[in-house]
$ cat model-v9.cif   # mmCIF, C-alpha atoms and all ligand atoms
data_target
#
loop_
_atom_site.label_atom_id
_atom_site.label_comp_id
_atom_site.auth_asym_id
_atom_site.auth_seq_id
_atom_site.Cartn_x
_atom_site.Cartn_y
_atom_site.Cartn_z
CA MET A 172 -20.22 17.34 13.85
CA ILE A 173 -18.40 17.59 17.16
CA ALA A 174 -18.22 20.78 19.18
CA GLU A 175 -15.52 21.08 21.82
CA LYS A 176 -15.76 23.96 24.29
CA CYS A 177 -12.54 25.46 25.59
CA ASN A 178 -12.08 28.74 27.37
CA GLU A 179 -15.29 30.17 25.91
CA LEU A 180 -14.41 28.93 22.44
CA SER A 181 -16.42 26.25 20.71
CA VAL A 182 -14.93 24.43 17.73
CA GLN A 183 -17.12 22.61 15.24
CA VAL A 184 -15.53 20.06 12.95
CA LEU A 185 -17.07 19.98 9.47
CA PRO A 186 -16.10 16.94 7.39
CA VAL A 187 -15.97 17.77 3.65
CA LEU A 188 -14.92 15.94 0.46
CA ASP A 189 -13.26 12.58 1.14
CA ASP A 190 -11.16 13.44 4.16
CA ASN A 191 -10.88 17.22 4.73
CA TYR A 192 -11.97 19.04 7.86
CA ILE A 193 -13.07 22.67 8.04
CA PHE A 194 -13.15 24.17 11.54
CA LEU A 195 -15.69 26.73 12.71
CA ILE A 196 -14.52 28.53 15.86
CA GLU A 197 -17.11 30.46 17.84
CA ASP A 198 -16.51 32.76 20.78
CA MET A 199 -19.46 31.90 23.02
CA ARG A 200 -19.53 35.30 24.75
CA THR A 201 -19.72 37.45 21.63
CA GLY A 202 -20.82 35.04 18.91
CA ALA A 203 -17.77 36.00 16.84
CA LEU A 204 -16.85 33.35 14.28
CA ALA A 205 -13.65 32.26 12.57
CA VAL A 206 -13.29 29.60 9.90
CA VAL A 207 -10.09 27.61 9.45
CA ASP A 208 -9.13 26.30 5.99
CA PRO A 209 -12.47 26.40 4.14
CA THR A 210 -12.13 23.70 1.49
CA GLU A 211 -15.44 24.90 0.07
CA ALA A 212 -17.96 27.58 1.00
CA SER A 213 -21.34 25.84 0.95
CA PRO A 214 -21.08 23.68 4.11
CA VAL A 215 -19.83 26.71 6.04
CA LEU A 216 -22.56 29.02 4.74
CA GLU A 217 -25.17 26.41 5.68
CA MET A 218 -23.85 26.26 9.23
CA LEU A 219 -23.80 30.05 9.47
CA ASP A 220 -27.48 30.39 8.74
CA GLY A 221 -27.02 34.07 7.84
CA ARG A 222 -24.47 34.94 10.53
CA ARG A 223 -21.33 36.94 9.71
CA VAL A 224 -17.81 35.54 9.84
CA ASP A 225 -15.05 37.64 11.37
CA LEU A 226 -11.98 35.76 10.17
CA ILE A 227 -10.92 33.12 7.72
CA LEU A 228 -7.60 31.59 8.78
CA ASN A 229 -5.62 29.74 6.10
CA THR A 230 -2.70 27.51 7.10
CA HIS A 231 -1.32 27.20 3.55
CA HIS A 232 -2.18 27.72 -0.09
CA HIS A 233 -3.28 24.23 -1.21
CA TRP A 234 -6.65 24.32 -2.97
CA ASP A 235 -8.34 22.07 -0.41
CA HIS A 236 -7.64 24.67 2.29
CA VAL A 237 -8.56 27.93 0.52
CA SER A 238 -11.20 27.28 -2.17
CA GLY A 239 -14.06 28.57 0.00
CA ASN A 240 -12.33 31.86 0.82
CA THR A 241 -13.83 34.25 -1.72
CA GLU A 242 -17.43 33.08 -1.50
CA ILE A 243 -17.46 33.13 2.32
CA LYS A 244 -15.81 36.54 2.25
CA ARG A 245 -18.40 37.88 -0.20
CA LYS A 246 -21.45 36.38 1.53
CA ALA A 247 -20.41 36.55 5.20
CA GLY A 248 -17.93 39.42 5.25
CA ALA A 249 -14.86 37.59 6.52
CA ARG A 250 -11.35 39.03 6.63
CA VAL A 251 -8.87 36.51 5.20
CA ILE A 252 -5.59 35.92 7.05
CA GLY A 253 -2.95 33.54 5.74
CA PRO A 254 0.77 33.03 5.25
CA ALA A 255 2.51 36.13 3.88
CA ALA A 256 4.97 33.88 2.05
CA GLU A 257 2.10 32.44 -0.01
CA ALA A 258 0.17 35.67 -0.51
CA ASP A 259 -0.07 35.29 -4.29
CA ASP A 260 -1.76 31.91 -3.97
CA ILE A 261 -4.31 32.68 -1.23
CA PRO A 262 -7.61 33.84 -2.77
CA GLY A 263 -8.99 37.02 -1.19
CA LEU A 264 -6.10 37.45 1.23
CA ASP A 265 -6.44 40.62 3.36
CA GLN A 266 -3.54 40.13 5.76
CA GLY A 267 -0.39 38.08 5.37
CA VAL A 268 1.23 36.87 8.60
CA VAL A 269 4.48 35.17 9.61
CA GLY A 270 5.66 33.20 12.62
CA GLY A 271 5.68 35.33 15.77
CA ASP A 272 2.76 37.49 14.64
CA THR A 273 -0.37 37.63 16.74
CA ILE A 274 -3.97 38.02 15.61
CA ALA A 275 -6.84 39.25 17.75
CA PHE A 276 -10.07 37.27 17.65
CA ALA A 277 -12.87 38.32 20.00
CA GLY A 278 -10.42 39.05 22.82
CA HIS A 279 -8.36 35.91 22.20
CA ILE A 280 -4.77 36.18 21.06
CA VAL A 281 -3.96 33.83 18.21
CA ARG A 282 -0.26 33.13 17.78
CA VAL A 283 1.18 32.34 14.37
CA ILE A 284 3.84 29.61 14.17
CA ASP A 285 5.95 29.02 11.06
CA VAL A 286 5.84 25.33 10.16
CA PRO A 287 7.35 24.88 6.67
CA GLY A 288 7.17 21.37 5.22
CA ASN A 289 4.01 20.50 3.32
CA THR A 290 4.37 23.97 1.76
CA ILE A 291 7.21 26.38 2.26
CA GLY A 292 5.09 29.13 3.85
CA HIS A 293 2.87 26.83 5.94
CA ILE A 294 1.76 28.33 9.28
CA ALA A 295 -0.16 27.02 12.28
CA PHE A 296 -2.55 28.99 14.48
CA TRP A 297 -2.16 28.55 18.23
CA PHE A 298 -4.81 29.74 20.68
CA LYS A 299 -2.48 29.52 23.66
CA GLU A 300 -4.93 30.35 26.45
CA ALA A 301 -7.63 28.05 25.10
CA GLY A 302 -5.07 25.33 24.32
CA LEU A 303 -6.01 24.85 20.67
CA LEU A 304 -3.68 24.35 17.72
CA PHE A 305 -4.85 24.44 14.11
CA SER A 306 -2.00 22.55 12.50
CA GLY A 307 -3.15 22.27 8.86
CA ASP A 308 -1.08 19.61 7.13
CA THR A 309 1.79 19.31 9.61
CA ILE A 310 0.87 16.94 12.47
CA PHE A 311 -1.95 14.49 11.78
CA HIS A 312 -3.31 11.96 14.25
CA LEU A 313 -0.56 9.29 14.25
CA GLY A 314 1.06 10.84 11.17
CA CYS A 315 2.31 13.98 9.49
CA GLY A 316 1.90 15.87 6.23
CA ARG A 317 3.83 15.06 3.10
CA VAL A 318 6.97 17.09 2.62
CA GLN A 319 6.15 18.76 -0.69
CA GLU A 320 7.84 22.16 -0.83
CA ALA A 321 10.34 22.35 2.03
CA THR A 322 13.09 19.88 2.96
CA PRO A 323 12.62 16.99 5.40
CA ALA A 324 14.98 18.82 7.78
CA GLN A 325 12.72 21.89 7.70
CA MET A 326 9.64 19.74 8.25
CA TRP A 327 11.31 18.07 11.23
CA THR A 328 12.18 21.49 12.71
CA SER A 329 8.51 22.45 12.34
CA ILE A 330 7.29 19.29 14.05
CA ASP A 331 9.91 19.63 16.77
CA LYS A 332 8.68 23.18 17.42
CA LEU A 333 5.12 21.92 17.86
CA ARG A 334 6.37 19.15 20.20
CA SER A 335 7.27 21.83 22.74
CA LEU A 336 3.71 23.19 23.11
CA PRO A 337 1.81 22.24 26.27
CA PRO A 338 0.96 18.51 26.08
CA GLU A 339 -2.73 19.14 26.74
CA THR A 340 -3.01 21.21 23.54
CA LEU A 341 -5.85 20.01 21.32
CA ILE A 342 -4.58 19.45 17.79
CA TYR A 343 -7.00 20.21 15.00
CA SER A 344 -5.40 18.80 11.85
CA SER A 345 -6.98 19.26 8.45
CA HIS A 346 -7.45 15.65 7.30
CA GLU A 347 -8.94 12.38 8.51
CA TYR A 348 -5.99 10.09 7.87
CA ALA A 349 -5.91 8.30 11.23
CA ALA A 350 -6.81 4.78 10.09
CA LYS A 351 -4.18 4.69 7.35
CA ASN A 352 -1.63 6.39 9.59
CA ALA A 353 -2.34 3.77 12.25
CA ARG A 354 -1.55 0.91 9.86
CA PHE A 355 1.83 2.46 9.07
CA ALA A 356 2.60 3.38 12.69
CA LEU A 357 1.99 -0.22 13.72
CA THR A 358 4.78 -1.41 11.40
CA ILE A 359 7.21 1.06 13.05
CA ASP A 360 6.27 0.91 16.72
CA PRO A 361 4.38 -2.39 17.19
CA ASP A 362 5.09 -2.76 20.91
CA ASN A 363 3.91 0.71 21.89
CA ALA A 364 0.92 0.24 24.22
CA ASP A 365 -0.18 3.85 23.72
CA LEU A 366 -0.29 3.31 19.97
CA LEU A 367 -2.33 0.13 20.36
CA LYS A 368 -4.76 2.00 22.61
CA GLN A 369 -5.14 4.78 20.03
CA ILE A 370 -5.74 2.29 17.22
CA LYS A 371 -8.61 0.80 19.21
CA LEU A 372 -10.07 4.26 19.79
CA ILE A 373 -9.70 5.18 16.11
CA LYS A 374 -11.64 2.06 15.09
CA GLU A 375 -14.39 2.84 17.57
CA LYS A 376 -14.68 6.48 16.46
CA ARG A 377 -14.61 5.74 12.73
CA ASN A 378 -17.15 2.90 13.12
CA ALA A 379 -19.40 5.40 14.87
CA GLY A 380 -18.89 7.91 12.03
CA MET A 381 -16.97 10.28 14.31
CA PRO A 382 -13.83 12.26 13.45
CA THR A 383 -10.57 11.37 15.20
CA VAL A 384 -9.80 15.11 15.28
CA PRO A 385 -8.92 16.73 17.61
CA SER A 386 -6.27 14.66 19.32
CA THR A 387 -3.97 16.01 22.00
CA LEU A 388 -0.27 16.70 21.73
CA ALA A 389 0.26 14.29 24.65
CA THR A 390 -1.36 11.53 22.61
CA GLU A 391 0.82 12.29 19.60
CA LEU A 392 3.97 12.41 21.73
CA ALA A 393 3.09 8.97 23.07
CA ALA A 394 1.83 7.27 19.91
CA ASN A 395 2.78 9.13 16.70
CA PRO A 396 6.04 7.73 15.28
CA PHE A 397 6.84 11.00 13.50
CA LEU A 398 7.08 12.75 16.88
CA ARG A 399 9.08 9.89 18.37
CA VAL A 400 12.13 9.68 16.12
CA ASP A 401 14.36 10.15 19.18
CA GLN A 402 13.05 6.92 20.76
CA ASP A 403 15.44 3.96 20.91
CA SER A 404 12.78 1.43 19.90
CA ILE A 405 12.09 3.28 16.63
CA ARG A 406 15.77 3.95 15.93
CA GLN A 407 16.60 0.29 16.43
CA ARG A 408 13.85 -0.80 14.08
CA LEU A 409 15.05 1.60 11.38
CA ASP A 410 18.68 0.68 12.05
CA CYS A 411 19.74 4.29 12.51
CA LYS A 412 20.81 4.60 16.13
CA GLU A 413 23.41 7.29 15.49
CA SER A 414 21.46 9.47 13.03
CA ALA A 415 20.24 12.99 13.70
CA ASN A 416 16.55 13.30 14.51
CA TRP A 417 15.80 14.93 11.18
CA GLU A 418 17.48 12.04 9.33
CA VAL A 419 15.34 9.49 11.14
CA PHE A 420 12.31 11.64 10.39
CA ALA A 421 13.26 11.82 6.70
CA GLN A 422 13.66 8.05 6.52
CA LEU A 423 10.31 7.51 8.23
CA ARG A 424 8.60 9.96 5.84
CA ARG A 425 10.11 8.17 2.80
CA MET A 426 8.84 4.84 4.13
CA LYS A 427 5.37 6.29 4.66
CA ASP A 428 5.34 7.76 1.14
CA ALA A 429 5.97 4.25 -0.23
CA PHE A 430 3.54 2.54 2.19
CA GLN A 431 0.46 0.96 0.58
FE FE B 501 -4.55 19.33 2.66
#
$ encode --input "model-v9.cif" --output "structure tokens"
Amino acid sequence: MIAEKCNELSVQVLPVLDDNYIFLIEDMRTGALAVVDPTEASPVLEMLDGRRVDLILNTHHHWDHVSGNTEIKRKAGARVIGPAAEADDIPGLDQGVVGGDTIAFAGHIVRVIDVPGNTIGHIAFWFKEAGLLFSGDTIFHLGCGRVQEATPAQMWTSIDKLRSLPPETLIYSSHEYAAKNARFALTIDPDNADLLKQIKLIKEKRNAGMPTVPSTLATELAANPFLRVDQDSIRQRLDCKESANWEVFAQLRRMKDAFQ
């Protein structure tokens, strides 16, 4: 479990199941707690040790992001906030939100960003002042989520939107996919020194049993091929120099889907 402290917020990363992460955000001044994407309730309730939870934040409706909602709500009193567009599929939802909405958490303003792709109503939660982004299944370390409900063009627009956040933003993505993402990225961008550096770091962290989450947006901009579809080196390799960014992204995503 790693706790990062930013602007009076501490974020604990709870690994669950094979590769999911639940995030426990604590405001150090007030002790207020928020939980992001509770795959299941028990590891969260254990961490709480009887404390109350103010908010559950869901990025999208997939079961591995919401299955802990109702039990945490019942036992720790949390208010559940998730995408309005997926309201019917979010257990215990109290408040549906859309891109542009803001949420108050212990004096922090949480901004909601629409990021359709993995699901059509997928949202991300951005703590602008603290520099934290909870990206769900959009950007992963050296990769991105599968495009399951939206179109590749929509997913690209979502990723492009996140590319414009401050580079120092810490990205808390919901899965530990870095090692597999790294193997694919290496086939696309083999001469990228930043990628090679990240691959070394990933090996070190995983060998030490540590998560590779969070990364920073700057790291992803430098090393994640899905954020670099406008780079000549990648376009040359994919033989699509004249294509629109979303087309290169779509091709890259198809290749990753078929990658063993
Ligand atoms: Fe997921």
$ residues_around --input "model-v9.cif" --residues "region 302-314 of chain A" --least-positions-apart "6" --cutoff "9 Å" --atoms "only C-alpha atoms" --output "ChimeraX atom specification"
/A:177-178,194,207-208,229-231,236,286-290,293-296,326,329-330,333,337,339-353,355-356,366,369,383-387,390-391,394-398
$ atom_distance --input "model-v9.cif" --atom1 "CA of Leu185 (chain A)" --atom2 "CA of Pro382 (chain A)"
9.3 Å
$ atom_distance --input "model-v9.cif" --atom1 "CA of Glu197 (chain A)" --atom2 "CA of Ser181 (chain A)"
5.1 Å
$ residues_around --input "model-v9.cif" --residues "Val215 (chain A)" --least-positions-apart "5" --cutoff "10 Å" --atoms "only C-alpha atoms" --output "list of chain:residue names"
A:Leu185, A:Ile193, A:Phe194, A:Leu195, A:Val206, A:Pro209, A:Thr210, A:Asp220, A:Val224, A:Gly239, A:Ile243, A:Ala247
$ closest_residue --input "model-v9.cif" --among "A:Met381, A:Ile370, A:Val251, A:Val187" --to "Ile274 (chain A)" --atoms "all atoms listed in the file"
A:Val251
$ closest_residue --input "model-v9.cif" --among "A:Asp428, A:Asp198, A:Asp272, A:Glu320" --to "Trp297 (chain A)" --atoms "only C-alpha atoms"
A:Asp272
$ closest_residue --input "model-v9.cif" --among "A:Ala275, A:Val237, A:Ala212, A:Ile227" --to "ligand FE 501 (chain B)" --atoms "all atoms listed in the file"
A:Val237
$ closest_residue --input "model-v9.cif" --among "A:Ala249, A:Val419, A:Cys315, A:Val269" --to "ligand FE 501 (chain B)" --atoms "only C-alpha atoms and all ligand atoms"
A:Cys315
$ atom_distance --input "model-v9.cif" --atom1 "CA of Ala421 (chain A)" --atom2 "CA of Gln402 (chain A)"
14.9 Å
$ closest_residue --input "model-v9.cif" --among "A:Ala364, A:Ala324, A:Ile359, A:Ile284" --to "Ala415 (chain A)" --atoms "only C-alpha atoms"
A:Ala324
$ closest_residue --input "model-v9.cif" --among "A:Asp235, A:Asp401, A:Asp225, A:Glu413" --to "ligand FE 501 (chain B)" --atoms "all atoms listed in the file"
A:Asp235
$ axis_aligned_box --input "model-v9.cif" --around "region 245-263 of chain A" --padding-each-side "4 Å" --output "AutoDock Vina command-line options"
--center_x -8.2 --center_y 35.7 --center_z 1.4 --size_x 34.4 --size_y 15.5 --size_z 19.3
$ residues_around --input "model-v9.cif" --residues "Gly221 (chain A)" --least-positions-apart "4" --cutoff "9 Å" --atoms "all atoms listed in the file" --output "PyMOL selection string"
chain A and resi 216-217+246-247
$ residues_near_point --input "model-v9.cif" --point "(-3.9, 32.0, 26.3)" --cutoff "9 Å" --atoms "all atoms listed in the file" --output "list in words"
Asn178, His279, Ile280, Val281, Trp297, Phe298, Lys299, Glu300, Ala301 and Gly302 of chain A
$ build_atoms --input "model-v9.cif" --residues "region 275-286 of chain A" --atoms "all heavy atoms" --output "compact mmCIF listing (two decimals), in the frame of the given file"
# COMPACT_ATOMS: atom_id res chain seq x y z
N ALA A 275 -5.80 39.14 16.72
CA ALA A 275 -6.84 39.25 17.75
C ALA A 275 -8.14 38.66 17.21
O ALA A 275 -8.55 38.95 16.08
CB ALA A 275 -7.04 40.72 18.12
N PHE A 276 -8.76 37.81 18.02
CA PHE A 276 -10.07 37.27 17.65
C PHE A 276 -10.97 37.29 18.89
O PHE A 276 -10.78 36.50 19.81
CB PHE A 276 -9.95 35.84 17.10
CG PHE A 276 -11.27 35.14 16.96
CD1 PHE A 276 -12.22 35.59 16.05
CD2 PHE A 276 -11.58 34.04 17.75
CE1 PHE A 276 -13.44 34.95 15.93
CE2 PHE A 276 -12.80 33.40 17.65
CZ PHE A 276 -13.74 33.86 16.73
N ALA A 277 -11.90 38.23 18.91
CA ALA A 277 -12.87 38.32 20.00
C ALA A 277 -12.22 38.29 21.38
O ALA A 277 -12.66 37.58 22.28
CB ALA A 277 -13.91 37.21 19.87
N GLY A 278 -11.10 39.00 21.52
CA GLY A 278 -10.42 39.05 22.82
C GLY A 278 -9.43 37.93 23.03
O GLY A 278 -8.71 37.92 24.03
N HIS A 279 -9.35 36.99 22.13
CA HIS A 279 -8.36 35.91 22.20
C HIS A 279 -7.15 36.31 21.37
O HIS A 279 -7.30 36.94 20.32
CB HIS A 279 -8.92 34.60 21.66
CG HIS A 279 -10.17 34.17 22.35
ND1 HIS A 279 -10.18 33.37 23.47
CD2 HIS A 279 -11.47 34.45 22.07
CE1 HIS A 279 -11.42 33.18 23.85
NE2 HIS A 279 -12.23 33.82 23.02
N ILE A 280 -5.98 35.93 21.85
CA ILE A 280 -4.77 36.18 21.06
C ILE A 280 -4.41 34.89 20.34
O ILE A 280 -4.24 33.84 20.97
CB ILE A 280 -3.60 36.62 21.97
CG1 ILE A 280 -3.96 37.95 22.64
CG2 ILE A 280 -2.32 36.75 21.16
CD1 ILE A 280 -3.00 38.33 23.75
N VAL A 281 -4.33 34.99 19.02
CA VAL A 281 -3.96 33.83 18.21
C VAL A 281 -2.51 34.01 17.79
O VAL A 281 -2.15 35.02 17.19
CB VAL A 281 -4.85 33.73 16.95
CG1 VAL A 281 -4.55 32.43 16.22
CG2 VAL A 281 -6.31 33.86 17.30
N ARG A 282 -1.68 33.04 18.12
CA ARG A 282 -0.26 33.13 17.78
C ARG A 282 0.02 32.35 16.50
O ARG A 282 -0.46 31.23 16.34
CB ARG A 282 0.58 32.58 18.94
CG ARG A 282 0.54 33.50 20.15
CD ARG A 282 0.95 32.80 21.42
NE ARG A 282 1.11 33.74 22.51
CZ ARG A 282 0.12 34.19 23.28
NH1 ARG A 282 -1.12 33.77 23.07
NH2 ARG A 282 0.35 35.06 24.25
N VAL A 283 0.83 32.98 15.64
CA VAL A 283 1.18 32.34 14.37
C VAL A 283 2.53 31.64 14.54
O VAL A 283 3.48 32.22 15.08
CB VAL A 283 1.28 33.40 13.25
CG1 VAL A 283 1.70 32.74 11.93
CG2 VAL A 283 -0.05 34.13 13.09
N ILE A 284 2.59 30.39 14.10
CA ILE A 284 3.84 29.61 14.17
C ILE A 284 4.23 29.19 12.75
O ILE A 284 3.40 28.64 12.02
CB ILE A 284 3.66 28.35 15.06
CG1 ILE A 284 3.14 28.73 16.45
CG2 ILE A 284 4.98 27.59 15.18
CD1 ILE A 284 2.79 27.53 17.34
N ASP A 285 5.45 29.47 12.37
CA ASP A 285 5.95 29.02 11.06
C ASP A 285 6.21 27.53 11.11
O ASP A 285 6.98 27.06 11.96
CB ASP A 285 7.28 29.73 10.73
CG ASP A 285 7.07 31.11 10.15
OD1 ASP A 285 6.06 31.32 9.45
OD2 ASP A 285 7.92 31.98 10.39
N VAL A 286 5.62 26.79 10.18
CA VAL A 286 5.84 25.33 10.16
C VAL A 286 6.04 24.87 8.70
O VAL A 286 5.22 24.11 8.17
CB VAL A 286 4.68 24.56 10.84
CG1 VAL A 286 4.81 24.61 12.34
CG2 VAL A 286 3.30 25.08 10.43
